[in-house]
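Before any comments, here is the structure.
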Amino acid sequence: MAAPALRAGQRRVVALGARLARSAAFEGRQHRQQKLHDQAGEPATKPATCLGLLAAQHERGLFQEIFPPQAAEEQLVELLEPGRPPVTVYCGFDPTADSLHVGHLLTVLGLLHFQRAGHNVIALVGGATARLGDPSGRTKERESLPEAHARENGEGLREGLRRLFAHHRELFWAGGARLGEVTVLDNADWLEREPVVGFLGAVGGHLRMGTLLSRQSCRARLSSPEGMGLAEFLYPALQAYDFLHLHRRHGCRVQLGGADQLGNIMSGYELVSKVTGEDVFGITVPLITSTTGNKLGKSAGNAVWLNRNRTSPFELYQFFVRQPDSIVKRQLFTFLPLPEINHIMEMHAQEPEKWGPQKRLAAEVTKLVHGKEGLESAKRCTRALYYSNIAALESMSDLELQELFREAPYLEMLYEPGTTVLDLCRKTGAVADGPRGHQGITSGGVSINHMQVTNPDAVLIAGQHILRNGLSLLRVGKKNYYIIKWLQLLEEETC
């Protein structure tokens, strides 16, 4: 019986979405009319309506489904109206690794949009639930996560979440209106203290087996040869209890999650509404997929991480620069106003070779994740690698070079006056001994700092072969790089 109810609910979601779309379209017409008035020098007129948070994010494509649809249409739209008391919204992040990844970004952006509208947000690290493993979208059971690893990973996620919210406040918030409060919690703080019998007695009677068994993730696993363990089966109950706990302690009314979390969000709605008699809501955001349509994440093996020690600012920047127009035109990962996005895409249609929207998207995301310094580092690495910019190469730090050429050997060498190109190549092991190595240089297969060298006996010159930052970038062939850090004996040569 649960499946037909879900389908009916989805029809109501479409109806709500259509209403929000009409509201957004009307506001868009008001904005264009106001722009024409401004251009004509006529007195400014106030729009007849104000585009609400739900309508704005629905038009942007960030908010995908809202549950339950009928109550959301009747109550949530009103609760989120400007001037009303702030609503508390939460989203959970299981620490299956010590870093967030790009797959988490849209849920974080969802929280940030609520915060920008003056509402309070909770980022919940699932230190307890991560040890069980969410079965959503899984074809087999996750490996068990030891408690110590869950704690360590949880600290990494808390740090990453705080960094994102701090960068947003510092770099993307102009001030003026109220910015909602942000709280970072860990469900291990209450779930690990909850006795099993007490938990089942308080929660078990309110969650129906038929409903849990009807979830797509559960049906798929139960029909598979491997089956489904009790721990995974109870995961939705624990996530639902998180919602109940946050509702009781923090007045939380909305749970945010990826599109694959709708079943778990529905369980939370059912539990909270049955126990408290109050209406709560769930909102999903789209899943982030690769160009081949596969979900991005740790389990899929294609995660693009948000911690610098896993994915450098340059690598993150380039990931978004390579996105196709179909992804970029929505600018889901930015706070850019929709009219500005439309203008960027209009300019792109005239000059597609400049990759303007891709570069803007990459810059906005990199700045949010790594701050201003991270964005500058990404641009510096881009100029050094793709534009053979010597000035950029010379201003790079040791860390940036190692991030840019992750597979390249990093060698520290003492500089000796009279060192030749051939000496350098042989000491690094870049060319073979004997005539073959000599020939590799004379044939044009070697470059230092993006400059081809063909004379094996040429003496290394400070400022040309050795940059002012004491580094040399040696390339042999098309892809074999070597990073050389010249030690203290070089100081007098480079002064």
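Chain labels follow the order of the structure tokens: the first chain is A, the next B, and so on; residue numbering restarts at 1 in every chain, and ligands are counted from 1 in their shown order.
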
Just want the 10 Å neighbourhood of Pro337 of chain A, counted on only C-alpha atoms, with same-chain residues fewer than 4 positions away dropped. Output as a list in words.
Ala56, Arg60, Gln331, Ile341 and Asn342 of chain A

Applying 9 Å and only C-alpha atoms, which residues near Tyr269 of chain A remain after dropping the ones on its own chain fewer than 5 positions away? List them as a VMD selection string.
chain A and resid 67 to 68 240 243 to 244 255 264 274 279 to 282

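Going from atom CA of Ala202 of chain A over to atom CA of Gln70 of chain A, you cover 27.7 Å.
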